[in-house]
>>> print(open('work.tsv').read())   # TSV, C-alpha atoms
chain	number	residue	atom	x	y	z
A	1	MET	CA	13.91	-50.82	5.57
A	2	LYS	CA	17.22	-49.42	6.82
A	3	LYS	CA	19.26	-47.36	4.37
A	4	VAL	CA	23.04	-47.57	4.71
A	5	LEU	CA	25.52	-45.30	2.93
A	6	LEU	CA	28.79	-47.12	2.33
A	7	CYS	CA	31.74	-44.82	1.70
A	8	ASP	CA	34.99	-46.48	0.64
A	9	ASP	CA	37.34	-45.82	-2.27
A	10	SER	CA	37.96	-49.56	-2.64
A	11	MET	CA	35.72	-51.19	-5.22
A	12	LEU	CA	36.42	-54.52	-3.57
A	13	VAL	CA	35.28	-53.40	-0.10
A	14	ARG	CA	32.12	-51.84	-1.53
A	15	ARG	CA	31.37	-54.94	-3.59
A	16	GLN	CA	31.97	-57.40	-0.75
A	17	LEU	CA	29.88	-55.44	1.74
A	18	ARG	CA	27.11	-54.75	-0.73
A	19	ASP	CA	26.95	-58.41	-1.75
A	20	TYR	CA	26.92	-59.61	1.86
A	21	ILE	CA	24.28	-57.18	3.01
A	22	SER	CA	22.01	-57.70	0.00
A	23	GLN	CA	22.18	-61.48	0.43
A	24	GLN	CA	21.99	-61.72	4.21
A	25	ARG	CA	20.12	-58.61	5.30
A	26	LYS	CA	16.89	-58.15	3.41
A	27	ASP	CA	16.02	-55.36	5.84
A	28	VAL	CA	18.88	-53.17	4.59
A	29	THR	CA	19.52	-51.29	1.34
A	30	VAL	CA	22.97	-50.01	0.41
A	31	ILE	CA	23.99	-46.86	-1.42
A	32	GLU	CA	27.63	-46.22	-2.24
A	33	ALA	CA	30.12	-43.37	-2.39
A	34	VAL	CA	33.70	-43.64	-3.60
A	35	ASN	CA	35.16	-40.73	-1.65
A	36	GLY	CA	34.33	-38.20	1.03
A	37	ILE	CA	32.99	-35.54	-1.31
A	38	GLU	CA	30.55	-37.92	-2.97
A	39	ALA	CA	29.52	-39.20	0.47
A	40	VAL	CA	28.54	-35.74	1.66
A	41	GLU	CA	26.55	-35.13	-1.55
A	42	LYS	CA	24.76	-38.46	-1.30
A	43	TYR	CA	24.05	-38.00	2.39
A	44	ALA	CA	22.32	-34.69	1.68
A	45	ILE	CA	20.10	-36.33	-0.94
A	46	GLU	CA	19.49	-39.79	0.53
A	47	ARG	CA	19.53	-39.10	4.29
A	48	PRO	CA	20.56	-42.68	5.13
A	49	ASP	CA	19.93	-44.23	8.54
A	50	LEU	CA	23.56	-45.23	8.92
A	51	VAL	CA	26.92	-44.46	7.32
A	52	LEU	CA	29.89	-46.84	7.12
A	53	MET	CA	32.93	-44.68	6.46
A	54	ASP	CA	36.49	-45.50	5.44
A	55	ILE	CA	39.30	-43.20	6.58
A	56	VAL	CA	42.00	-43.25	3.89
A	57	MET	CA	40.36	-41.93	0.72
A	58	PRO	CA	41.25	-39.50	-2.06
A	59	GLU	CA	39.59	-36.08	-2.47
A	60	MET	CA	38.35	-35.94	1.13
A	61	ASP	CA	39.36	-38.39	3.84
A	62	GLY	CA	36.98	-40.06	6.25
A	63	ILE	CA	37.55	-37.72	9.17
A	64	GLY	CA	36.89	-34.66	7.01
A	65	CYS	CA	33.83	-36.31	5.55
A	66	LEU	CA	32.59	-37.30	8.99
A	67	LYS	CA	32.81	-33.71	10.19
A	68	SER	CA	31.06	-32.39	7.07
A	69	ILE	CA	28.18	-34.83	7.40
A	70	ARG	CA	27.80	-34.10	11.10
A	71	LYS	CA	27.65	-30.38	10.29
A	72	LEU	CA	24.92	-31.14	7.75
A	73	ASP	CA	23.11	-33.40	10.19
A	74	PRO	CA	24.22	-33.44	13.85
A	75	GLN	CA	22.14	-36.60	14.37
A	76	ALA	CA	23.95	-38.52	11.62
A	77	LYS	CA	24.95	-42.03	12.65
A	78	ILE	CA	28.42	-42.71	11.32
A	79	ILE	CA	30.51	-45.81	11.93
A	80	VAL	CA	34.14	-45.79	10.83
A	81	LEU	CA	35.32	-48.91	8.98
A	82	SER	CA	39.06	-48.69	8.47
A	83	SER	CA	42.35	-50.58	8.51
A	84	VAL	CA	43.99	-47.64	10.28
A	85	GLY	CA	42.96	-48.70	13.76
A	86	ASN	CA	45.69	-47.00	15.75
A	87	ARG	CA	44.99	-45.11	18.95
A	88	GLU	CA	45.23	-41.64	17.41
A	89	THR	CA	42.89	-42.35	14.49
A	90	LEU	CA	40.40	-44.10	16.74
A	91	LEU	CA	40.33	-41.11	19.08
A	92	GLU	CA	40.12	-38.67	16.17
A	93	ALA	CA	37.17	-40.55	14.71
A	94	LEU	CA	35.33	-40.72	18.02
A	95	GLU	CA	36.03	-37.04	18.71
A	96	ALA	CA	34.71	-36.11	15.26
A	97	GLY	CA	31.45	-37.80	16.11
A	98	ALA	CA	31.78	-41.41	14.96
A	99	LEU	CA	29.54	-43.67	16.98
A	100	ASP	CA	31.75	-46.72	16.66
A	101	PHE	CA	34.86	-48.06	14.96
A	102	ILE	CA	35.30	-51.30	13.00
A	103	GLN	CA	38.82	-52.50	12.31
A	104	LYS	CA	39.22	-53.99	8.85
A	105	PRO	CA	38.98	-56.68	7.70
A	106	TRP	CA	35.33	-56.71	8.69
A	107	THR	CA	33.58	-59.87	9.81
A	108	GLU	CA	29.97	-60.86	9.28
A	109	LYS	CA	29.42	-60.97	13.04
A	110	VAL	CA	30.61	-57.38	13.53
A	111	ILE	CA	28.65	-56.02	10.55
A	112	ASN	CA	25.45	-57.68	11.74
A	113	ARG	CA	25.98	-56.35	15.24
A	114	ILE	CA	26.46	-52.81	13.91
A	115	LEU	CA	23.40	-53.03	11.66
A	116	ASP	CA	21.33	-54.27	14.61
A	117	LEU	CA	22.72	-51.85	17.16
A	118	TYR	CA	22.49	-48.65	15.19
B	1	MET	CA	43.24	-60.78	13.19
B	2	LEU	CA	46.77	-59.58	13.68
B	3	ASN	CA	47.92	-56.55	15.53
B	4	LEU	CA	44.54	-55.23	16.57
B	5	TYR	CA	44.78	-52.22	18.86
B	6	PHE	CA	43.55	-53.03	22.39
B	7	GLY	CA	40.98	-50.23	22.34
B	8	SER	CA	39.50	-51.58	19.10
B	9	TYR	CA	39.38	-55.06	20.63
B	10	LEU	CA	37.44	-53.75	23.63
B	11	LEU	CA	34.95	-52.05	21.27
B	12	GLN	CA	34.62	-55.09	19.05
B	13	GLN	CA	33.97	-57.39	22.00
B	14	ARG	CA	31.55	-54.86	23.47
B	15	LEU	CA	33.59	-54.70	26.65
B	16	ILE	CA	33.47	-50.92	26.55
B	17	ASP	CA	31.19	-48.40	24.88
B	18	PRO	CA	32.60	-45.88	22.36
B	19	GLU	CA	31.94	-42.82	24.54
B	20	THR	CA	33.80	-44.29	27.53
B	21	LEU	CA	36.68	-45.30	25.29
B	22	ARG	CA	36.83	-41.81	23.83
B	23	LYS	CA	37.14	-40.27	27.31
B	24	LEU	CA	39.89	-42.69	28.33
B	25	LEU	CA	41.86	-42.18	25.13
B	26	LYS	CA	41.79	-38.43	25.70
B	27	VAL	CA	43.59	-38.68	29.03
B	28	GLN	CA	45.83	-41.59	28.13
B	29	ARG	CA	48.90	-39.55	27.32
B	30	GLU	CA	48.99	-37.94	30.76
B	31	THR	CA	48.64	-41.25	32.60
B	32	HIS	CA	51.67	-42.52	34.48
B	33	LEU	CA	51.94	-46.19	33.74
B	34	ARG	CA	52.47	-48.53	36.70
B	35	LEU	CA	54.93	-51.36	36.20
B	36	GLY	CA	52.56	-54.01	37.52
B	37	VAL	CA	49.92	-53.13	34.94
B	38	LEU	CA	52.52	-53.28	32.19
B	39	ALA	CA	53.68	-56.67	33.42
B	40	MET	CA	50.08	-57.89	33.25
B	41	GLN	CA	49.63	-56.36	29.79
B	42	GLU	CA	52.65	-58.30	28.57
B	43	GLY	CA	51.41	-61.52	30.14
B	44	LEU	CA	54.44	-61.67	32.47
B	45	MET	CA	52.58	-61.58	35.75
B	46	THR	CA	49.17	-62.66	36.94
B	47	ALA	CA	46.61	-60.40	38.58
B	48	GLU	CA	47.19	-62.24	41.88
B	49	GLN	CA	50.89	-61.54	41.76
B	50	VAL	CA	50.40	-57.86	40.95
B	51	LYS	CA	47.85	-57.42	43.74
B	52	GLU	CA	50.17	-59.21	46.17
B	53	ILE	CA	53.02	-56.82	45.42
B	54	ASN	CA	50.70	-53.80	45.60
B	55	ASP	CA	49.68	-54.97	49.10
B	56	ILE	CA	53.33	-55.27	50.09
B	57	GLN	CA	54.03	-51.78	48.74
B	58	ARG	CA	51.28	-50.36	50.95
B	59	ARG	CA	53.18	-51.65	53.99
B	60	VAL	CA	56.76	-51.23	52.83
B	61	ASP	CA	58.35	-48.45	50.82
B	62	ALA	CA	59.72	-50.51	47.93
B	63	LEU	CA	59.76	-50.35	44.15
B	64	PHE	CA	57.45	-52.74	42.32
B	65	GLY	CA	60.26	-54.12	40.19
B	66	GLU	CA	62.49	-54.83	43.20
B	67	VAL	CA	59.77	-56.76	45.01
B	68	ALA	CA	58.84	-58.69	41.86
B	69	VAL	CA	62.44	-59.82	41.47
B	70	GLN	CA	62.73	-60.75	45.17
B	71	LYS	CA	59.57	-62.80	44.87
B	72	GLY	CA	60.87	-64.51	41.77
B	73	TYR	CA	57.98	-63.29	39.60
B	74	LEU	CA	60.30	-61.40	37.27
B	75	ASN	CA	64.03	-61.32	36.69
B	76	GLN	CA	66.04	-58.11	36.57
B	77	GLU	CA	66.43	-58.23	32.81
B	78	THR	CA	62.66	-58.35	32.38
B	79	VAL	CA	62.19	-55.48	34.82
B	80	ASP	CA	64.69	-53.41	32.82
B	81	SER	CA	62.78	-54.21	29.61
B	82	LEU	CA	59.50	-53.23	31.21
B	83	LEU	CA	60.99	-49.94	32.36
B	84	GLN	CA	61.94	-49.27	28.74
B	85	LEU	CA	58.41	-50.12	27.67
B	86	GLN	CA	56.74	-47.83	30.14
B	87	LYS	CA	55.89	-45.32	27.44
B	88	ARG	CA	53.60	-47.78	25.58
B	89	SER	CA	50.21	-46.31	25.10
B	90	THR	CA	48.41	-49.65	24.91
B	91	ALA	CA	49.26	-50.43	28.50
B	92	ARG	CA	48.19	-46.94	29.64
B	93	LEU	CA	44.69	-47.74	28.41
B	94	THR	CA	44.81	-50.93	30.47
B	95	GLN	CA	45.73	-48.93	33.54
B	96	LEU	CA	42.92	-46.46	32.99
B	97	LEU	CA	40.45	-49.33	32.86
B	98	LEU	CA	41.64	-50.29	36.34
B	99	ASP	CA	41.88	-46.76	37.71
B	100	HIS	CA	38.32	-46.00	36.60
B	101	GLN	CA	37.17	-49.32	38.06
B	102	LEU	CA	35.75	-50.49	34.78
B	103	PHE	CA	37.40	-53.86	35.38
B	104	THR	CA	38.92	-55.61	38.37
B	105	TYR	CA	42.44	-57.01	38.09
B	106	ASP	CA	41.08	-60.51	37.62
B	107	GLU	CA	38.60	-59.42	34.96
B	108	LEU	CA	41.29	-57.51	33.12
B	109	GLU	CA	43.62	-60.48	33.21
B	110	ALA	CA	40.98	-62.54	31.40
B	111	VAL	CA	40.38	-59.76	28.87
B	112	LEU	CA	44.10	-59.40	28.16
B	113	LYS	CA	44.42	-63.16	27.71
B	114	GLY	CA	41.61	-63.06	25.16
B	115	PHE	CA	43.24	-60.10	23.42
B	116	ARG	CA	46.58	-61.89	23.12
B	117	GLU	CA	44.89	-65.01	21.77
B	118	TYR	CA	42.94	-62.91	19.29
B	119	ASN	CA	46.14	-61.35	17.97
B	120	GLN	CA	47.92	-64.65	17.56
B	121	LEU	CA	48.30	-66.46	14.32
B	122	SER	CA	46.38	-69.72	14.08
B	123	ALA	CA	48.29	-72.98	14.60
B	124	ASP	CA	48.51	-73.48	10.82
B	125	GLU	CA	49.79	-69.98	10.32
B	126	GLU	CA	52.39	-70.31	13.09
B	127	GLU	CA	53.54	-73.54	11.52
B	128	ALA	CA	53.86	-71.80	8.17
B	129	LEU	CA	55.91	-69.03	9.76
B	130	GLU	CA	58.25	-71.52	11.40
B	131	ARG	CA	58.50	-73.72	8.30
B	132	GLY	CA	59.98	-70.91	6.25
B	133	ASN	CA	62.07	-69.66	9.17
B	134	VAL	CA	60.90	-66.28	8.04
B	135	GLU	CA	61.57	-64.49	11.31
B	136	GLY	CA	65.07	-65.93	11.56
B	137	LEU	CA	65.97	-64.96	8.01
B	138	LEU	CA	64.24	-61.62	7.82
B	139	ALA	CA	65.91	-59.64	10.62
B	140	PRO	CA	69.52	-59.92	9.43
B	141	TYR	CA	68.40	-59.43	5.84
B	142	MET	CA	66.59	-56.20	6.73
B	143	VAL	CA	69.59	-54.94	8.69
B	144	LEU	CA	71.75	-55.41	5.62
B	145	GLN	CA	69.20	-53.86	3.28
B	146	CYS	CA	68.84	-50.83	5.56
B	147	GLN	CA	72.61	-50.40	5.68
B	148	LEU	CA	72.81	-50.53	1.89
B	149	ALA	CA	69.98	-48.03	1.61
B	150	GLY	CA	71.65	-45.75	4.13
B	151	VAL	CA	68.62	-45.60	6.42
B	152	THR	CA	68.66	-45.81	10.20
B	153	GLU	CA	65.07	-46.86	10.82
B	154	THR	CA	66.07	-50.53	10.95
B	155	GLU	CA	63.78	-51.54	13.81
B	156	ALA	CA	60.72	-49.96	12.22
B	157	LEU	CA	61.41	-51.43	8.79
B	158	THR	CA	62.21	-54.89	10.16
B	159	ALA	CA	58.92	-54.78	12.05
B	160	TYR	CA	57.23	-53.76	8.79
B	161	GLY	CA	58.72	-56.71	6.95
B	162	SER	CA	57.85	-59.13	9.73
B	163	LEU	CA	54.25	-57.95	9.90
B	164	PHE	CA	53.98	-58.08	6.10
B	165	LEU	CA	55.13	-61.69	6.05
B	166	ARG	CA	52.58	-62.55	8.72
B	167	ASN	CA	49.82	-60.77	6.82
B	168	MET	CA	50.79	-62.59	3.62
B	169	ILE	CA	50.54	-65.91	5.49
B	170	ARG	CA	47.35	-64.81	7.22
B	171	PHE	CA	45.44	-63.35	4.26
B	172	ILE	CA	47.05	-64.61	1.05
B	173	ASP	CA	49.06	-67.83	1.15
B	174	HIS	CA	50.31	-70.11	3.94
B	175	GLU	CA	53.23	-71.11	1.72
B	176	THR	CA	54.79	-67.65	1.71
B	177	VAL	CA	58.50	-67.68	2.49
B	178	LEU	CA	61.35	-65.22	2.21
B	179	ASP	CA	63.30	-65.97	-0.98
B	180	ILE	CA	66.48	-63.94	-0.82
B	181	GLU	CA	68.30	-66.03	-3.40
B	182	SER	CA	66.04	-65.32	-6.35
B	183	GLN	CA	65.14	-61.69	-6.75
B	184	GLN	CA	63.32	-61.15	-10.02
B	185	LEU	CA	64.26	-58.16	-12.09
B	186	PRO	CA	61.40	-55.93	-13.23
B	187	THR	CA	60.02	-56.78	-16.66
B	188	GLU	CA	57.32	-55.26	-18.85
B	189	ASP	CA	55.04	-58.05	-17.76
B	190	MET	CA	55.05	-56.82	-14.17
B	191	VAL	CA	52.53	-54.80	-12.22
B	192	ALA	CA	53.09	-52.66	-9.14
B	193	VAL	CA	50.94	-50.96	-6.54
B	194	LYS	CA	52.12	-48.40	-4.03
B	195	GLN	CA	51.17	-46.50	-0.92
B	196	ALA	CA	53.07	-43.79	0.86
B	197	PHE	CA	52.88	-42.73	4.43
B	198	SER	CA	54.56	-40.01	6.37
B	199	MET	CA	55.71	-40.00	9.97
B	200	GLY	CA	58.43	-37.42	10.21
B	201	ILE	CA	60.02	-39.28	7.33
B	202	ASN	CA	58.22	-40.46	4.21
B	203	ILE	CA	58.06	-44.15	3.43
B	204	GLN	CA	57.02	-45.39	0.02
B	205	THR	CA	55.76	-48.97	0.14
B	206	ALA	CA	55.06	-51.03	-2.94
B	207	LEU	CA	54.35	-54.52	-4.21
B	208	MET	CA	55.63	-55.68	-7.57
B	209	MET	CA	54.93	-58.98	-9.33
B	210	GLU	CA	54.15	-60.57	-12.69
B	211	LYS	CA	50.63	-60.18	-14.04
B	212	GLU	CA	49.69	-63.81	-13.47
B	213	VAL	CA	50.86	-63.62	-9.86
B	214	TYR	CA	48.97	-60.33	-9.47
B	215	GLN	CA	45.72	-61.96	-10.60
B	216	LYS	CA	46.24	-64.92	-8.24
B	217	MET	CA	47.04	-62.62	-5.33
B	218	ALA	CA	43.97	-60.54	-6.08
B	219	GLU	CA	41.77	-63.64	-6.05
B	220	LYS	CA	43.35	-64.96	-2.86
B	221	HIS	CA	42.74	-61.70	-1.03
B	222	ALA	CA	39.25	-61.11	-2.43
B	223	ARG	CA	38.22	-64.77	-1.96
B	224	MET	CA	36.18	-64.45	-5.11
B	225	PRO	CA	36.83	-64.55	-8.87
B	226	VAL	CA	38.28	-61.26	-10.07
B	227	ALA	CA	39.65	-62.16	-13.51
B	228	GLU	CA	36.69	-60.63	-15.33
B	229	SER	CA	37.51	-57.18	-14.04
B	230	GLU	CA	40.90	-55.50	-14.06
B	231	GLU	CA	39.43	-52.83	-11.82
B	232	LEU	CA	38.40	-55.46	-9.27
B	233	MET	CA	41.84	-57.09	-9.44
B	234	ASP	CA	43.49	-53.76	-8.79
B	235	ALA	CA	41.07	-53.01	-5.96
B	236	SER	CA	41.89	-56.30	-4.27
B	237	VAL	CA	45.67	-55.92	-4.31
B	238	LEU	CA	45.45	-52.25	-3.39
B	239	GLU	CA	43.17	-53.04	-0.47
B	240	PHE	CA	45.56	-55.71	0.78
B	241	LEU	CA	48.43	-53.22	0.80
B	242	ASN	CA	46.17	-50.67	2.48
B	243	LEU	CA	45.07	-53.24	5.08
B	244	HIS	CA	48.65	-54.17	5.87
B	245	ASN	CA	49.79	-50.54	6.16
B	246	GLY	CA	46.81	-49.79	8.38
B	247	LEU	CA	47.72	-52.66	10.68
B	248	TYR	CA	51.34	-51.47	10.67
B	249	SER	CA	50.14	-48.04	11.78
B	250	ILE	CA	49.04	-49.73	15.02
B	251	TRP	CA	52.62	-50.93	15.61
B	252	LEU	CA	53.86	-47.40	14.94
B	253	SER	CA	51.33	-45.94	17.34
B	254	ASP	CA	52.49	-48.38	20.03
B	255	HIS	CA	55.92	-46.84	19.51
B	256	GLU	CA	54.58	-43.30	19.81
B	257	ILE	CA	54.69	-42.60	16.08
B	258	ARG	CA	51.61	-41.23	14.30
B	259	PRO	CA	51.67	-42.09	10.60
B	260	PHE	CA	49.53	-40.48	7.91
B	261	LEU	CA	48.61	-42.77	5.03
B	262	GLU	CA	47.90	-41.66	1.49
B	263	PRO	CA	45.41	-43.69	-0.55
B	264	PRO	CA	47.07	-46.64	-2.36
B	265	THR	CA	47.39	-46.43	-6.14
B	266	LYS	CA	48.55	-48.55	-9.04
B	267	TRP	CA	51.91	-47.63	-10.52
B	268	THR	CA	51.29	-46.61	-14.12
B	269	ALA	CA	54.96	-46.91	-15.07
B	270	LEU	CA	57.17	-49.33	-13.17
B	271	PRO	CA	59.77	-47.63	-10.98
B	272	ASP	CA	63.48	-48.17	-11.39
B	273	ILE	CA	64.29	-50.25	-8.33
B	274	SER	CA	67.84	-51.10	-9.28
B	275	GLY	CA	69.35	-48.65	-6.79
B	276	ASP	CA	70.18	-49.48	-3.19
B	277	GLU	CA	67.75	-46.83	-1.94
B	278	TRP	CA	65.01	-49.36	-2.61
B	279	ILE	CA	64.82	-52.05	0.07
B	280	LYS	CA	63.72	-55.19	-1.75
B	281	VAL	CA	62.12	-58.12	0.08
B	282	PRO	CA	61.40	-61.00	-2.30
B	283	LEU	CA	58.70	-63.36	-1.10
B	284	GLN	CA	57.90	-66.66	-2.72
B	285	THR	CA	54.32	-67.86	-2.62
B	286	ALA	CA	52.73	-71.02	-4.02
B	287	PHE	CA	51.70	-69.00	-7.09
B	288	GLY	CA	54.84	-66.94	-7.71
B	289	GLN	CA	57.11	-64.21	-6.41
B	290	VAL	CA	55.85	-61.04	-4.77
B	291	MET	CA	58.42	-58.32	-4.25
B	292	LEU	CA	57.88	-56.00	-1.29
B	293	LEU	CA	59.58	-52.65	-1.87
B	294	LEU	CA	60.35	-49.97	0.69
B	295	LYS	CA	61.97	-46.59	0.23
B	296	VAL	CA	62.65	-44.06	2.93
B	297	GLU	CA	62.70	-40.39	2.01
B	298	GLU	CA	63.86	-37.86	4.54
B	299	THR	CA	61.48	-34.91	4.70
B	300	SER	CA	62.92	-31.45	4.32
>>> encode(input="work.tsv", output="structure tokens")
Amino acid sequence: MKKVLLCDDSMLVRRQLRDYISQQRKDVTVIEAVNGIEAVEKYAIERPDLVLMDIVMPEMDGIGCLKSIRKLDPQAKIIVLSSVGNRETLLEALEAGALDFIQKPWTEKVINRILDLY
Amino acid sequence: MLNLYFGSYLLQQRLIDPETLRKLLKVQRETHLRLGVLAMQEGLMTAEQVKEINDIQRRVDALFGEVAVQKGYLNQETVDSLLQLQKRSTARLTQLLLDHQLFTYDELEAVLKGFREYNQLSADEEEALERGNVEGLLAPYMVLQCQLAGVTETEALTAYGSLFLRNMIRFIDHETVLDIESQQLPTEDMVAVKQAFSMGINIQTALMMEKEVYQKMAEKHARMPVAESEELMDASVLEFLNLHNGLYSIWLSDHEIRPFLEPPTKWTALPDISGDEWIKVPLQTAFGQVMLLLKVEETS
């Protein structure tokens, strides 16, 4: 069973992704965090197989969170899922250690590919 | 999808791996962009035409643009526009793909065609855009609004409004039109959400509408019932604004502007938008009016 940590301050995004994954991917469980600080705390406890990380969040943004998790666990697999898909943010995310980048709005095809690939 | 960045498209289509993209993005700024690649990026010339002119240039000392005009592939006005566009970072990535032999010219032409098609509105959405003549009405309206507000960033804000209209048609309601004649005044029954971003100047963006319209918009965006939860309604409208601003950040990046977005929030007390400093764009949907609000604040 693959454990995925979903970090997004949007209740809607978390709900939609959680609902989709729980209905369509019986091989995946989802845990949630509403901001970067909570994500780092939950990562330390849960040690998920994969992290889906938003960028624009209160308290600690996605890039900061990404770096913190990677410091905690250099092998952490983190995929950025964000609407801010401009060149600079994409590069910043990849440089900070993100394995991939998904431009919102997500599609079922892309989510399945990411869950299978990583 | 609208306005997807080319690098994201390559990742999404698995045409490039993340590590290779990261390396190319790092050197993109220093890359001198060739005019032929830009012409291909813009869909103005084919790979065959570009290769033909490159062959000619190996034999004769001539500028790409001059030969393209002589051959009838481009006119002088288009060459001048391309020269203005030569700073565009999206096309630099295209060039790097060629320079690093990750794609041939022909392969890249096919990829770029797919990218342009991906970024287009669907036929229904294009029809909706034309039906309301939104593009025709919006530009002069934004020019006037910017003048009244005393801001000079007319091109950027007109692009914002245009993209917002497209995203409303794309994600919320095909019936969305610009409705300049009937601007609603704020009432107690209205709700507003906002998101600020900074890019040398600060721009406050907001959406304001009546509660019933807010609920409908939330449901349209979420594509699920949201009435049972005010929190879910808020999340849906906030996420739509966030999505739009994120997509707009790609336009800004194409114009060498790096914006920083703050998280979107609900406005607890409605702002006073009566002053000219607020640019007001009233949009009529099938379920009511949505007011797009923009305010530019010069940073100190």
>>> residues_around(input="work.tsv", residues="Arg113 of chain A", least_positions_apart="6", cutoff="12 Å", atoms="all atoms listed in the file", output="ChimeraX atom specification")
/A:25,79,100,102,106-107 /B:11-14
>>> interface_residues(input="work.tsv", of="chain B", to="chain A", cutoff="7 Å", atoms="all atoms listed in the file", output="CSV table (one decimal) with C-alpha atoms, in the frame of the given file")
chain,number,residue,atom,x,y,z
B,5,TYR,CA,44.8,-52.2,18.9
B,8,SER,CA,39.5,-51.6,19.1
B,18,PRO,CA,32.6,-45.9,22.4
B,22,ARG,CA,36.8,-41.8,23.8
B,25,LEU,CA,41.9,-42.2,25.1
B,232,LEU,CA,38.4,-55.5,-9.3
B,235,ALA,CA,41.1,-53.0,-6.0
B,236,SER,CA,41.9,-56.3,-4.3
B,239,GLU,CA,43.2,-53.0,-0.5
B,243,LEU,CA,45.1,-53.2,5.1
B,246,GLY,CA,46.8,-49.8,8.4
B,247,LEU,CA,47.7,-52.7,10.7
B,249,SER,CA,50.1,-48.0,11.8
B,250,ILE,CA,49.0,-49.7,15.0
B,253,SER,CA,51.3,-45.9,17.3
B,261,LEU,CA,48.6,-42.8,5.0
B,262,GLU,CA,47.9,-41.7,1.5
B,263,PRO,CA,45.4,-43.7,-0.6
>>> residues_near_point(input="work.tsv", point="(52.0, -54.9, 45.9)", cutoff="12 Å", atoms="only C-alpha atoms", output="list in words")
Arg34, Leu35, Gly36, Val37, Ala47, Glu48, Gln49, Val50, Lys51, Glu52, Ile53, Asn54, Asp55, Ile56, Gln57, Arg58, Arg59, Val60, Asp61, Ala62, Leu63, Phe64, Gly65, Glu66, Val67, Ala68 and Lys71 of chain B
>>> residues_around(input="work.tsv", residues="segment 72-76 of chain A", least_positions_apart="2", cutoff="12 Å", atoms="only C-alpha atoms", output="list in words")
Val4, Leu5, Ala39, Val40, Glu41, Lys42, Tyr43, Ala44, Ile45, Arg47, Pro48, Asp49, Leu50, Val51, Leu52, Cys65, Leu66, Lys67, Ser68, Ile69, Arg70, Ile78, Ile79, Ala96, Gly97, Ala98, Leu99 and Tyr118 of chain A
>>> atom_distance(input="work.tsv", atom1="atom CA of Gly200 of chain B", atom2="atom CA of Ala156 of chain B")
12.9 Å
>>> closest_residue(input="work.tsv", among="A:Leu117, A:Leu81, A:Met1, A:Ile63", to="Val30 of chain A", atoms="all atoms listed in the file")
A:Met1
>>> closest_residue(input="work.tsv", among="B:Leu238, B:Ala110, B:Leu96, B:Met199", to="Glu256 of chain B", atoms="all atoms listed in the file")
B:Met199
>>> atom_distance(input="work.tsv", atom1="atom CA of Leu24 of chain B", atom2="atom CA of Leu98 of chain B")
11.2 Å
